[in-house]
>>> print(open('work.tsv').read())   # TSV, C-alpha atoms and all ligand atoms
chain	number	residue	atom	x	y	z
A	1	MET	CA	-10.82	-50.98	1.63
A	2	GLN	CA	-7.58	-49.33	2.69
A	3	ILE	CA	-5.87	-49.36	6.06
A	4	ALA	CA	-6.74	-46.10	7.85
A	5	ALA	CA	-7.59	-44.91	11.34
A	6	ASN	CA	-10.11	-47.16	13.09
A	7	LYS	CA	-9.92	-49.93	10.51
A	8	VAL	CA	-9.02	-53.42	11.67
A	9	ALA	CA	-6.22	-54.89	9.59
A	10	THR	CA	-5.26	-58.55	9.64
A	11	ILE	CA	-1.69	-59.24	8.57
A	12	ALA	CA	0.80	-62.05	8.22
A	13	TYR	CA	4.37	-60.98	8.91
A	14	THR	CA	7.97	-61.93	9.46
A	15	LEU	CA	10.12	-59.77	11.72
A	16	LYS	CA	13.92	-59.91	11.58
A	17	ASP	CA	16.57	-57.82	13.31
A	18	GLY	CA	19.32	-55.83	11.59
A	19	ASP	CA	21.44	-59.00	11.24
A	20	GLY	CA	18.62	-60.96	9.62
A	21	ALA	CA	17.88	-63.11	12.68
A	22	LEU	CA	14.22	-64.05	13.06
A	23	ILE	CA	12.54	-62.31	15.99
A	24	ASP	CA	8.87	-63.08	15.46
A	25	GLN	CA	6.40	-64.17	12.83
A	26	ALA	CA	2.71	-64.70	12.21
A	27	GLY	CA	1.77	-66.94	9.28
A	28	LYS	CA	-1.35	-66.66	7.13
A	29	ASP	CA	-2.84	-69.54	9.13
A	30	GLN	CA	-2.34	-67.56	12.36
A	31	PRO	CA	-2.41	-63.90	11.36
A	32	PHE	CA	-2.32	-60.88	13.64
A	33	ALA	CA	-5.17	-58.35	13.84
A	34	PHE	CA	-4.92	-54.78	15.12
A	35	ILE	CA	-6.73	-51.44	15.00
A	36	GLN	CA	-4.87	-48.85	12.95
A	37	GLY	CA	-4.10	-45.43	14.39
A	38	ILE	CA	-4.33	-46.07	18.14
A	39	GLY	CA	-0.88	-47.44	18.92
A	40	ASN	CA	-1.71	-51.16	18.83
A	41	ILE	CA	1.49	-51.54	16.82
A	42	ILE	CA	4.72	-49.50	16.66
A	43	PRO	CA	4.57	-46.12	14.84
A	44	GLY	CA	6.90	-47.16	12.03
A	45	LEU	CA	4.70	-50.09	11.07
A	46	GLU	CA	1.49	-48.03	11.28
A	47	ASN	CA	3.05	-45.49	8.91
A	48	ALA	CA	4.20	-48.16	6.48
A	49	LEU	CA	0.78	-49.84	6.37
A	50	GLU	CA	-1.35	-46.71	6.09
A	51	GLY	CA	-3.30	-46.82	2.81
A	52	LYS	CA	-2.47	-50.46	2.05
A	53	ALA	CA	-5.20	-52.95	1.07
A	54	ALA	CA	-5.79	-56.71	1.21
A	55	GLY	CA	-3.22	-58.54	-0.91
A	56	ASP	CA	-0.57	-55.81	-0.64
A	57	GLN	CA	2.90	-56.92	0.43
A	58	ILE	CA	5.49	-54.60	1.89
A	59	SER	CA	9.02	-54.85	3.20
A	60	VAL	CA	10.05	-52.10	5.58
A	61	SER	CA	13.06	-51.41	7.77
A	62	ILE	CA	12.16	-49.50	10.93
A	63	GLU	CA	14.73	-47.65	13.01
A	64	PRO	CA	14.48	-47.85	16.83
A	65	GLU	CA	13.00	-44.34	17.21
A	66	GLN	CA	9.99	-45.52	15.16
A	67	GLY	CA	10.04	-48.90	16.89
A	68	TYR	CA	10.64	-49.66	20.55
A	69	GLY	CA	12.93	-46.69	21.18
A	70	GLU	CA	16.65	-46.40	21.80
A	71	ARG	CA	18.27	-48.26	24.66
A	72	ASP	CA	18.60	-46.28	27.89
A	73	ASP	CA	21.53	-47.40	30.02
A	74	ASN	CA	19.92	-45.71	33.04
A	75	LEU	CA	17.39	-48.54	33.00
A	76	MET	CA	20.12	-51.00	33.89
A	77	GLN	CA	20.70	-51.63	37.58
A	78	THR	CA	22.84	-53.90	39.67
A	79	LEU	CA	21.07	-55.24	42.71
A	80	SER	CA	21.96	-57.44	45.61
A	81	LYS	CA	20.80	-61.03	45.24
A	82	GLU	CA	18.94	-60.59	48.52
A	83	MET	CA	16.41	-58.49	46.60
A	84	PHE	CA	15.32	-61.69	44.87
A	85	GLU	CA	14.50	-63.59	48.02
A	86	GLY	CA	12.05	-66.38	47.28
A	87	VAL	CA	13.35	-67.00	43.77
A	88	ASP	CA	15.06	-70.38	43.71
A	89	GLU	CA	17.68	-69.71	41.10
A	90	ILE	CA	18.33	-66.48	39.25
A	91	SER	CA	19.76	-66.78	35.77
A	92	PRO	CA	20.24	-64.48	32.77
A	93	GLY	CA	17.13	-64.22	30.62
A	94	MET	CA	14.65	-64.44	33.50
A	95	GLN	CA	12.03	-61.70	33.50
A	96	PHE	CA	10.27	-60.05	36.40
A	97	HIS	CA	7.59	-57.42	36.78
A	98	ALA	CA	9.08	-54.58	38.76
A	99	GLN	CA	8.17	-51.12	39.95
A	100	THR	CA	10.39	-48.61	38.15
A	101	ASN	CA	10.49	-44.84	37.60
A	102	GLN	CA	8.26	-45.42	34.56
A	103	GLY	CA	5.70	-47.46	36.51
A	104	MET	CA	5.30	-51.22	36.30
A	105	SER	CA	7.53	-52.71	33.67
A	106	VAL	CA	9.22	-55.93	32.74
A	107	VAL	CA	12.88	-56.22	33.64
A	108	THR	CA	15.22	-58.86	32.29
A	109	VAL	CA	18.11	-60.38	34.23
A	110	THR	CA	21.22	-59.89	32.11
A	111	GLN	CA	24.01	-61.01	34.41
A	112	VAL	CA	24.45	-62.88	37.70
A	113	GLU	CA	27.78	-62.62	39.50
A	114	GLU	CA	28.39	-63.84	43.04
A	115	ASP	CA	25.71	-62.00	45.00
A	116	GLN	CA	25.10	-59.29	42.39
A	117	VAL	CA	22.29	-59.36	39.85
A	118	THR	CA	22.20	-57.00	36.86
A	119	ILE	CA	18.75	-56.22	35.49
A	120	ASP	CA	17.75	-54.36	32.34
A	121	GLY	CA	14.46	-52.45	32.18
A	122	ASN	CA	14.73	-51.72	28.45
A	123	HIS	CA	12.21	-53.29	26.12
A	124	PRO	CA	13.94	-56.38	24.66
A	125	LEU	CA	13.65	-54.77	21.20
A	126	ALA	CA	14.85	-51.30	22.24
A	127	GLY	CA	17.73	-50.18	20.02
A	128	VAL	CA	16.96	-52.87	17.45
A	129	THR	CA	16.33	-52.12	13.77
A	130	LEU	CA	13.18	-54.01	12.81
A	131	ASN	CA	12.87	-55.51	9.33
A	132	PHE	CA	9.27	-56.46	8.56
A	133	ASP	CA	7.90	-58.40	5.62
A	134	VAL	CA	4.14	-57.95	5.79
A	135	GLU	CA	1.22	-59.23	3.75
A	136	VAL	CA	-2.16	-57.61	4.31
A	137	ILE	CA	-4.85	-60.30	4.56
A	138	GLU	CA	-7.97	-58.32	5.35
A	139	VAL	CA	-9.08	-54.76	6.10
A	140	ARG	CA	-12.45	-53.98	7.67
A	141	ASP	CA	-14.15	-51.40	9.85
A	142	ALA	CA	-13.59	-51.73	13.58
A	143	THR	CA	-16.81	-52.44	15.47
A	144	ASP	CA	-17.98	-50.05	18.18
A	145	GLU	CA	-17.03	-52.64	20.76
A	146	GLU	CA	-13.52	-53.00	19.35
A	147	GLN	CA	-13.03	-49.24	19.37
A	148	GLU	CA	-14.23	-49.13	22.95
A	149	HIS	CA	-11.82	-51.91	23.99
A	150	GLY	CA	-8.92	-50.52	21.97
A	151	HIS	CA	-8.09	-53.82	20.30
A	152	ALA	CA	-9.30	-56.13	17.53
A	153	HIS	CA	-11.56	-59.10	18.23
A	154	GLY	CA	-11.92	-62.42	16.41
A	155	PRO	CA	-9.20	-64.32	14.56
A	156	GLY	CA	-5.80	-62.81	15.26
A	157	GLY	CA	-7.24	-60.49	17.92
A	158	HIS	CA	-8.59	-60.86	21.42
A	159	ASN	CA	-11.11	-63.60	22.16
A	160	HIS	CA	-13.22	-62.83	25.19
B	1	ZN	ZN	-12.11	-56.59	23.67
>>> encode(input="work.tsv", output="structure tokens", more="lines below")
Ligand code: ZN
Amino acid sequence: MQIAANKVATIAYTLKDGDGALIDQAGKDQPFAFIQGIGNIIPGLENALEGKAAGDQISVSIEPEQGYGERDDNLMQTLSKEMFEGVDEISPGMQFHAQTNQGMSVVTVTQVEEDQVTIDGNHPLAGVTLNFDVEVIEVRDATDEEQEHGHAHGPGGHNH
């Protein structure tokens, strides 16, 4: 069976950035399952996996526009520390859920200076070239329930 719309694919993968630094991985013992064609994964990876079958291995380099998008400097803001009342200590790398122009999103603290805090609402992988090495483990039909939920169930998917 080949990966196509509404199939569940289970994959093992390694993800590195443009400099070869490891970002994320899922081994064969803990693979990742998704439904093809509904945006469970980034467009560039869906395109690269379309038509592949169990046992296939691919290496693909995905530019930001087919990944998590380009960085948008308008999503960076400098706020007064008073905005973070109730947080004991603010340090770079901390993440908060915040209301933004695009709705609820995760913002990351990038800089703390005196009483000023700089936050970044970009996805952490925005602007990053994504180098995937993927092995397809299994391809099967999505169940009605999975299609209804919009995600894969079982090993590598949601358990509920
Ligand atoms: Zn579900």
>>> residues_around(input="work.tsv", residues="range 24-40 of chain A", least_positions_apart="5", cutoff="10 Å", atoms="all atoms listed in the file", output="MDAnalysis selection string")
chainID A and resid 3:17 45:47 49:50 132:142 146:147 150:158
>>> closest_residue(input="work.tsv", among="A:Thr110, A:Asn131, A:Asn122, A:Gln116", to="Pro92 in chain A", atoms="only C-alpha atoms")
A:Thr110
>>> closest_residue(input="work.tsv", among="A:Asp56, A:Glu65, A:Glu70, A:Asp115", to="Met83 in chain A", atoms="only C-alpha atoms")
A:Asp115
>>> residues_around(input="work.tsv", residues="Thr129 in chain A", least_positions_apart="2", cutoff="8 Å", atoms="all atoms listed in the file", output="mmCIF file with C-alpha atoms, in the coordinates of the input")
data_model
loop_
_atom_site.group_PDB
_atom_site.id
_atom_site.type_symbol
_atom_site.label_atom_id
_atom_site.label_comp_id
_atom_site.auth_asym_id
_atom_site.auth_seq_id
_atom_site.Cartn_x
_atom_site.Cartn_y
_atom_site.Cartn_z
ATOM 1 C CA ASP A 17 16.570 -57.820 13.310
ATOM 2 C CA GLY A 18 19.320 -55.830 11.590
ATOM 3 C CA SER A 61 13.060 -51.410 7.770
ATOM 4 C CA ILE A 62 12.160 -49.500 10.930
ATOM 5 C CA GLU A 63 14.730 -47.650 13.010
ATOM 6 C CA PRO A 64 14.480 -47.850 16.830
ATOM 7 C CA GLY A 67 10.040 -48.900 16.890
ATOM 8 C CA GLY A 127 17.730 -50.180 20.020
ATOM 9 C CA ASN A 131 12.870 -55.510 9.330
#
>>> residues_around(input="work.tsv", residues="range 79-81 of chain A", least_positions_apart="2", cutoff="9 Å", atoms="all atoms listed in the file", output="list in words")
Gln77, Met83, Phe84, Glu85, Ile90, Val112, Glu114, Asp115, Gln116, Val117, Thr118 and Ile119 of chain A
>>> atom_distance(input="work.tsv", atom1="CA of Leu125 in chain A", atom2="CA of Ala98 in chain A")
18.1 Å
>>> residues_around(input="work.tsv", residues="Gly121 in chain A", least_positions_apart="5", cutoff="12 Å", atoms="only C-alpha atoms", output="ChimeraX atom specification")
/A:71-78,95-110,126
>>> write_last_selection(input="work.tsv", atoms="C-alpha atoms", output="short mmCIF file (atom, residue, chain, number, x, y, z; two decimals), in the coordinates of the input")
data_model
loop_
_atom_site.label_atom_id
_atom_site.label_comp_id
_atom_site.auth_asym_id
_atom_site.auth_seq_id
_atom_site.Cartn_x
_atom_site.Cartn_y
_atom_site.Cartn_z
CA ARG A 71 18.27 -48.26 24.66
CA ASP A 72 18.60 -46.28 27.89
CA ASP A 73 21.53 -47.40 30.02
CA ASN A 74 19.92 -45.71 33.04
CA LEU A 75 17.39 -48.54 33.00
CA MET A 76 20.12 -51.00 33.89
CA GLN A 77 20.70 -51.63 37.58
CA THR A 78 22.84 -53.90 39.67
CA GLN A 95 12.03 -61.70 33.50
CA PHE A 96 10.27 -60.05 36.40
CA HIS A 97 7.59 -57.42 36.78
CA ALA A 98 9.08 -54.58 38.76
CA GLN A 99 8.17 -51.12 39.95
CA THR A 100 10.39 -48.61 38.15
CA ASN A 101 10.49 -44.84 37.60
CA GLN A 102 8.26 -45.42 34.56
CA GLY A 103 5.70 -47.46 36.51
CA MET A 104 5.30 -51.22 36.30
CA SER A 105 7.53 -52.71 33.67
CA VAL A 106 9.22 -55.93 32.74
CA VAL A 107 12.88 -56.22 33.64
CA THR A 108 15.22 -58.86 32.29
CA VAL A 109 18.11 -60.38 34.23
CA THR A 110 21.22 -59.89 32.11
CA ALA A 126 14.85 -51.30 22.24
#
>>> atom_distance(input="work.tsv", atom1="CA of Gln2 in chain A", atom2="CA of Ile41 in chain A")
16.9 Å
>>> closest_residue(input="work.tsv", among="A:Ser91, A:Thr143, A:Gln66, A:Gln111", to="Val128 in chain A", atoms="only C-alpha atoms")
A:Gln66
>>> closest_residue(input="work.tsv", among="A:Gly44, A:Gly69, A:Gly55, A:Pro124", to="Gly93 in chain A", atoms="all atoms listed in the file")
A:Pro124
>>> atom_distance(input="work.tsv", atom1="CA of Val60 in chain A", atom2="CA of Met1 in chain A")
21.3 Å
>>> closest_residue(input="work.tsv", among="A:Val87, A:His123, A:Tyr68, A:His149", to="Ile42 in chain A", atoms="all atoms listed in the file")
A:Tyr68
>>> decode(input="work.tsv", residues="range 17-89 of chain A", atoms="C-alpha atoms", output="short mmCIF file (atom, residue, chain, number, x, y, z; two decimals), in the first residue's frame")
data_model
loop_
_atom_site.label_atom_id
_atom_site.label_comp_id
_atom_site.auth_asym_id
_atom_site.auth_seq_id
_atom_site.Cartn_x
_atom_site.Cartn_y
_atom_site.Cartn_z
CA ASP A 17 18.57 21.82 10.59
CA GLY A 18 20.57 23.41 7.77
CA ASP A 19 23.77 23.14 9.83
CA GLY A 20 23.26 19.44 10.54
CA ALA A 21 22.25 19.91 14.19
CA LEU A 22 19.71 17.38 15.43
CA ILE A 23 16.28 18.91 16.05
CA ASP A 24 14.08 15.88 16.59
CA GLN A 25 13.90 12.16 15.96
CA ALA A 26 11.61 9.17 16.26
CA GLY A 27 13.26 5.74 16.21
CA LYS A 28 11.75 2.52 14.88
CA ASP A 29 10.99 1.53 18.48
CA GLN A 30 8.98 4.75 18.94
CA PRO A 31 7.74 5.71 15.49
CA PHE A 32 5.39 8.53 14.58
CA ALA A 33 1.97 7.96 12.97
CA PHE A 34 -0.04 10.51 11.00
CA ILE A 35 -2.87 10.75 8.48
CA GLN A 36 -1.67 11.83 5.04
CA GLY A 37 -3.29 14.74 3.25
CA ILE A 38 -4.91 16.64 6.12
CA GLY A 39 -2.03 18.74 7.41
CA ASN A 40 -0.93 16.50 10.29
CA ILE A 41 2.61 17.13 9.07
CA ILE A 42 4.22 20.01 7.16
CA PRO A 43 3.42 20.29 3.41
CA GLY A 44 6.98 19.57 2.27
CA LEU A 45 7.06 16.25 4.10
CA GLU A 46 3.59 15.24 2.88
CA ASN A 47 4.73 15.90 -0.70
CA ALA A 48 7.94 13.92 -0.25
CA LEU A 49 6.14 10.91 1.24
CA GLU A 50 3.22 10.76 -1.20
CA GLY A 51 3.31 7.42 -3.03
CA LYS A 52 5.94 5.85 -0.76
CA ALA A 53 5.43 2.38 0.75
CA ALA A 54 6.62 0.41 3.79
CA GLY A 55 10.38 -0.07 3.67
CA ASP A 56 11.04 3.01 1.54
CA GLN A 57 13.70 5.41 2.81
CA ILE A 58 13.95 9.02 1.74
CA SER A 59 16.15 11.99 2.49
CA VAL A 60 14.60 15.36 1.79
CA SER A 61 15.56 18.97 2.41
CA ILE A 62 12.55 21.22 3.00
CA GLU A 63 12.72 24.99 2.68
CA PRO A 64 10.84 27.12 5.26
CA GLU A 65 7.95 27.97 2.90
CA GLN A 66 7.14 24.23 2.74
CA GLY A 67 7.91 23.83 6.44
CA TYR A 68 7.01 26.17 9.29
CA GLY A 69 7.13 29.36 7.22
CA GLU A 70 9.54 32.26 7.10
CA ARG A 71 10.30 34.25 10.22
CA ASP A 72 8.16 37.36 10.70
CA ASP A 73 9.91 40.08 12.69
CA ASN A 74 6.52 41.67 13.41
CA LEU A 75 5.89 38.76 15.75
CA MET A 76 8.67 39.98 18.02
CA GLN A 77 7.69 42.36 20.78
CA THR A 78 9.38 44.04 23.69
CA LEU A 79 7.22 44.20 26.78
CA SER A 80 7.56 45.60 30.24
CA LYS A 81 8.46 43.02 32.87
CA GLU A 82 5.33 44.07 34.73
CA MET A 83 3.33 42.18 32.09
CA PHE A 84 4.75 38.98 33.55
CA GLU A 85 3.52 39.57 37.07
CA GLY A 86 3.25 36.29 38.95
CA VAL A 87 6.15 34.65 37.12
CA ASP A 88 9.01 34.21 39.56
CA GLU A 89 11.92 34.57 37.21
#
